[in-house]
Amino acid sequence: MIGRHRSIALGALFAALGTAAGCTAALGSRANADAPPFLSRPNNALGVVYSRSILAPERAIGEPYQPGQPELDVRGRRIFVGSSDRGLYALRAQDGAHLWRFETLGFVQSRPLYDPVENVLYFGSNDGALYRVDANTGALHWRFMTNAAVSRRPVLSHGLLYFTNANDTVLALDPKSGALVWQQHRTPAMGMEIAGHAGPAVYRDKVYTGFSDGTVLAFDARTGAERWQPVDLSAEAEQLLGELPTYLDVNTTPVPDEISAGSVVYVANYAGGVFALDSETGTQVWQNSGVLGVSDLFLWSEPGAPGEAGKPAPEPRKVLVASSGTTGLWGLDPETGRELWRRAVPYGGVSEPAPILGALLVSATQLGVFLVSPLGGELIDGIHISGGVTMRPAAYGNRAFVVTNGGRLLALHVPSPRPLPRETRPAL
């Protein structure tokens, strides 16, 4: 069931996050974070274009959540998305019509990677395999089997395909043949682990990822050789807590960036907080030990508001957004790790945000989907959905797509006060 602001749960979220009713911004304002077009009309910014059930009719049981994220083929007007009914779906973006479905042996919880050059999709499954399929037909090209779930999006770079699995293994494949080029494995941590695993991040000539024993490593992108000594973030948490934490995991995919201190990667340890590490050496640049339980990091950025005539344009602004199932949504200063804002979520967790027209679109596992300001975390609008939404939305222009925990594909519309640039006008 989809409802607009009528449930107690949604009211609780509005109370926890605060409303944007006091904000004033002209409808003609440029779509930036200082004055996103929605702030002048809060609670009237998100609309549902259509809602379609996408699950296989024979589905009887499955996970109560639909994680991952849709992948958008803007030129082909297609949506590719995985499901807990063990399928990868191709859907027509205009109306959600079914194009094809590819069956695996496990839940498909990873965001697919679409390669428009080859017109193929790469995606993982909880059956332990990574797949390459034809984007037009869903025909299988190859299947590479590992021994653990593959639930993070692969990365195509340096002529190789990089991915990780839940058994603390990072692999590089030849994308056309599926042949193994190199792999690196760490012995998983003993004891309890948080569900999920980190994905790979490729930056310059290195591949970065985190492991369940609380370490972060960098590997040579072409050979797989270790380029760092393992950086043990669980040791930082142990020093902070005075004892070894129950959960050591680094499940966040590293996020590369350039700050005044140099080139860094942002990572998070479940019990130790959020860190910025020097991308060349792994040396700690900063730590915020108060941001706990983080599952995803996202670097939001945009150019500053237009400057006065004859003056240089302001520098781009950035906010590091941390999503936590235990402490809510955080905005951090990328230069120092200092907390800029925090918004608790009264029930369940919150997804990694997707940027859309100067705002952030997030999912709440037990509530629905919500628009949030990236600069202050203010709630702009929301749609309550019975059963909630775990999946990270995918957005292009003023259109967004997400699958609810109940298995319904939602196409969402966010109105823009001005015509969008031609390259971002929704063809979807």
# chains A, B, ... in the order shown; residues from 1 in each chain; ligands from 1
$ residues_around --residues "A:Ala364" --least-positions-apart "2" --cutoff "6 Å" --atoms "only C-alpha atoms" --output "short mmCIF file (atom, residue, chain, number, x, y, z; two decimals) with C-alpha atoms, in the first residue's frame"
data_model
loop_
_atom_site.label_atom_id
_atom_site.label_comp_id
_atom_site.auth_asym_id
_atom_site.auth_seq_id
_atom_site.Cartn_x
_atom_site.Cartn_y
_atom_site.Cartn_z
CA GLY A 349 17.59 1.51 8.53
CA VAL A 350 18.17 3.92 5.69
CA GLN A 366 10.23 0.11 7.32
CA LEU A 367 8.75 3.39 6.07
CA GLY A 368 9.10 4.35 2.40
CA VAL A 389 11.75 0.06 1.01
#
$ residues_around --residues "A:Asp257" --least-positions-apart "4" --cutoff "12 Å" --atoms "only C-alpha atoms" --output "PDB file with N, CA and C atoms, in the first residue's frame"
ATOM      1  N   ALA A 201      36.333  -0.443  -5.167  1.00  0.00           N
ATOM      2  CA  ALA A 201      36.412   0.903  -5.716  1.00  0.00           C
ATOM      3  C   ALA A 201      37.733   1.007  -6.470  1.00  0.00           C
ATOM      4  N   VAL A 202      37.685   1.426  -7.716  1.00  0.00           N
ATOM      5  CA  VAL A 202      38.888   1.558  -8.530  1.00  0.00           C
ATOM      6  C   VAL A 202      39.196   3.040  -8.686  1.00  0.00           C
ATOM      7  N   TYR A 203      40.401   3.417  -8.308  1.00  0.00           N
ATOM      8  CA  TYR A 203      40.817   4.819  -8.366  1.00  0.00           C
ATOM      9  C   TYR A 203      42.260   4.859  -8.824  1.00  0.00           C
ATOM     10  N   ARG A 204      42.466   5.554  -9.960  1.00  0.00           N
ATOM     11  CA  ARG A 204      43.784   5.609 -10.557  1.00  0.00           C
ATOM     12  C   ARG A 204      44.266   4.189 -10.832  1.00  0.00           C
ATOM     13  N   ALA A 261      44.085  17.866   1.998  1.00  0.00           N
ATOM     14  CA  ALA A 261      45.187  17.044   2.502  1.00  0.00           C
ATOM     15  C   ALA A 261      45.735  16.093   1.449  1.00  0.00           C
ATOM     16  N   GLY A 262      45.072  16.007   0.286  1.00  0.00           N
ATOM     17  CA  GLY A 262      45.532  15.112  -0.770  1.00  0.00           C
ATOM     18  C   GLY A 262      44.454  14.123  -1.181  1.00  0.00           C
ATOM     19  N   SER A 263      44.883  13.065  -1.820  1.00  0.00           N
ATOM     20  CA  SER A 263      43.970  12.031  -2.305  1.00  0.00           C
ATOM     21  C   SER A 263      43.647  11.059  -1.176  1.00  0.00           C
ATOM     22  N   VAL A 264      42.338  10.805  -0.955  1.00  0.00           N
ATOM     23  CA  VAL A 264      41.908   9.939   0.142  1.00  0.00           C
ATOM     24  C   VAL A 264      40.864   8.948  -0.332  1.00  0.00           C
ATOM     25  N   VAL A 265      40.635   7.935   0.483  1.00  0.00           N
ATOM     26  CA  VAL A 265      39.452   7.080   0.339  1.00  0.00           C
ATOM     27  C   VAL A 265      38.733   7.080   1.678  1.00  0.00           C
ATOM     28  N   TYR A 266      37.395   7.208   1.626  1.00  0.00           N
ATOM     29  CA  TYR A 266      36.571   7.158   2.823  1.00  0.00           C
ATOM     30  C   TYR A 266      36.085   5.731   3.031  1.00  0.00           C
ATOM     31  N   VAL A 267      36.158   5.258   4.264  1.00  0.00           N
ATOM     32  CA  VAL A 267      35.687   3.922   4.616  1.00  0.00           C
ATOM     33  C   VAL A 267      35.032   4.001   5.982  1.00  0.00           C
ATOM     34  N   ALA A 276      38.959   8.683   6.867  1.00  0.00           N
ATOM     35  CA  ALA A 276      39.576   9.073   5.605  1.00  0.00           C
ATOM     36  C   ALA A 276      41.009   8.569   5.645  1.00  0.00           C
ATOM     37  N   LEU A 277      41.382   7.780   4.628  1.00  0.00           N
ATOM     38  CA  LEU A 277      42.720   7.207   4.554  1.00  0.00           C
ATOM     39  C   LEU A 277      43.436   7.755   3.328  1.00  0.00           C
ATOM     40  N   ASP A 278      44.719   8.027   3.468  1.00  0.00           N
ATOM     41  CA  ASP A 278      45.518   8.456   2.334  1.00  0.00           C
ATOM     42  C   ASP A 278      45.497   7.371   1.261  1.00  0.00           C
ATOM     43  N   SER A 279      45.155   7.740   0.030  1.00  0.00           N
ATOM     44  CA  SER A 279      44.956   6.730  -1.010  1.00  0.00           C
ATOM     45  C   SER A 279      46.255   6.044  -1.430  1.00  0.00           C
ATOM     46  N   PHE A 298      28.325   7.810   0.747  1.00  0.00           N
ATOM     47  CA  PHE A 298      28.054   8.453  -0.535  1.00  0.00           C
ATOM     48  C   PHE A 298      28.599   9.863  -0.502  1.00  0.00           C
ATOM     49  N   LEU A 299      29.363  10.236  -1.522  1.00  0.00           N
ATOM     50  CA  LEU A 299      29.919  11.581  -1.599  1.00  0.00           C
ATOM     51  C   LEU A 299      29.035  12.428  -2.498  1.00  0.00           C
ATOM     52  N   TRP A 300      28.313  13.383  -1.877  1.00  0.00           N
ATOM     53  CA  TRP A 300      27.461  14.288  -2.639  1.00  0.00           C
ATOM     54  C   TRP A 300      28.267  15.534  -2.975  1.00  0.00           C
ATOM     55  N   SER A 301      28.124  16.004  -4.198  1.00  0.00           N
ATOM     56  CA  SER A 301      28.815  17.239  -4.585  1.00  0.00           C
ATOM     57  C   SER A 301      28.015  17.949  -5.655  1.00  0.00           C
ATOM     58  N   LYS A 318      30.817  19.797  -1.098  1.00  0.00           N
ATOM     59  CA  LYS A 318      30.729  18.353  -0.936  1.00  0.00           C
ATOM     60  C   LYS A 318      30.267  18.016   0.480  1.00  0.00           C
ATOM     61  N   VAL A 319      29.496  16.941   0.568  1.00  0.00           N
ATOM     62  CA  VAL A 319      29.089  16.388   1.854  1.00  0.00           C
ATOM     63  C   VAL A 319      29.240  14.878   1.757  1.00  0.00           C
ATOM     64  N   LEU A 320      29.904  14.286   2.738  1.00  0.00           N
ATOM     65  CA  LEU A 320      30.005  12.833   2.815  1.00  0.00           C
ATOM     66  C   LEU A 320      28.810  12.334   3.616  1.00  0.00           C
ATOM     67  N   PRO A 334      33.831  16.421   4.389  1.00  0.00           N
ATOM     68  CA  PRO A 334      34.876  15.552   3.835  1.00  0.00           C
ATOM     69  C   PRO A 334      36.295  15.969   4.211  1.00  0.00           C
ATOM     70  N   GLU A 335      36.503  17.238   4.539  1.00  0.00           N
ATOM     71  CA  GLU A 335      37.841  17.702   4.886  1.00  0.00           C
ATOM     72  C   GLU A 335      38.282  17.231   6.266  1.00  0.00           C
TER      73      GLU A 335
END
$ closest_residue --among "A:Thr327, A:Thr336, A:Ser386, A:Asn251" --to "A:Ser295" --atoms "only C-alpha atoms"
A:Asn251
$ residues_around --residues "A:Trp228" --least-positions-apart "4" --cutoff "8 Å" --atoms "only C-alpha atoms" --output "PDB file with N, CA and C atoms, in the first residue's frame"
ATOM      1  N   LEU A 217      42.283  -2.722   2.332  1.00  0.00           N
ATOM      2  CA  LEU A 217      43.492  -2.922   1.548  1.00  0.00           C
ATOM      3  C   LEU A 217      43.369  -2.258   0.190  1.00  0.00           C
ATOM      4  N   ALA A 218      44.523  -1.984  -0.402  1.00  0.00           N
ATOM      5  CA  ALA A 218      44.624  -1.484  -1.770  1.00  0.00           C
ATOM      6  C   ALA A 218      45.461  -2.469  -2.569  1.00  0.00           C
ATOM      7  N   PHE A 219      45.005  -2.773  -3.791  1.00  0.00           N
ATOM      8  CA  PHE A 219      45.691  -3.716  -4.659  1.00  0.00           C
ATOM      9  C   PHE A 219      46.023  -3.053  -5.993  1.00  0.00           C
ATOM     10  N   GLU A 280      47.399   6.680  -1.184  1.00  0.00           N
ATOM     11  CA  GLU A 280      48.669   6.081  -1.583  1.00  0.00           C
ATOM     12  C   GLU A 280      49.252   5.177  -0.512  1.00  0.00           C
ATOM     13  N   THR A 281      49.053   5.528   0.751  1.00  0.00           N
ATOM     14  CA  THR A 281      49.727   4.807   1.830  1.00  0.00           C
ATOM     15  C   THR A 281      48.790   4.108   2.803  1.00  0.00           C
ATOM     16  N   GLY A 282      47.524   4.524   2.864  1.00  0.00           N
ATOM     17  CA  GLY A 282      46.603   3.991   3.854  1.00  0.00           C
ATOM     18  C   GLY A 282      46.693   4.696   5.192  1.00  0.00           C
TER      19      GLY A 282
END
$ closest_residue --among "A:Asp174, A:Glu71, A:Glu258, A:Glu118" --to "A:Arg222" --atoms "only C-alpha atoms"
A:Asp174
$ residues_around --residues "A:Ser83" --least-positions-apart "2" --cutoff "8 Å" --atoms "only C-alpha atoms" --output "list in words"
Leu55, Gln66, Pro67, Val81, Asp85, Arg86, Gly87, Leu88, Tyr89, Phe107, Val108, Gln109 and Gly407 of chain A
$ residues_around --residues "stretch 156-171 of chain A" --least-positions-apart "2" --cutoff "8 Å" --atoms "only C-alpha atoms" --output "NGL selection string"
:A and (128 or 146-154 or 173-175 or 180-188 or 196-200 or 202 or 209 or 211-212 or 221-222)
$ closest_residue --among "A:Leu357, A:Val117, A:Val369, A:Val321" --to "A:His384" --atoms "only C-alpha atoms"
A:Val369
$ select_by_dssp --residues "stretch 295-405 of chain A" --states "strand (DSSP E)" --output "MDAnalysis selection string"
chainID A and resid 295:302 317:324 328:332 339:343 354:356 359:364 368:372 379:385 394:396 399:403
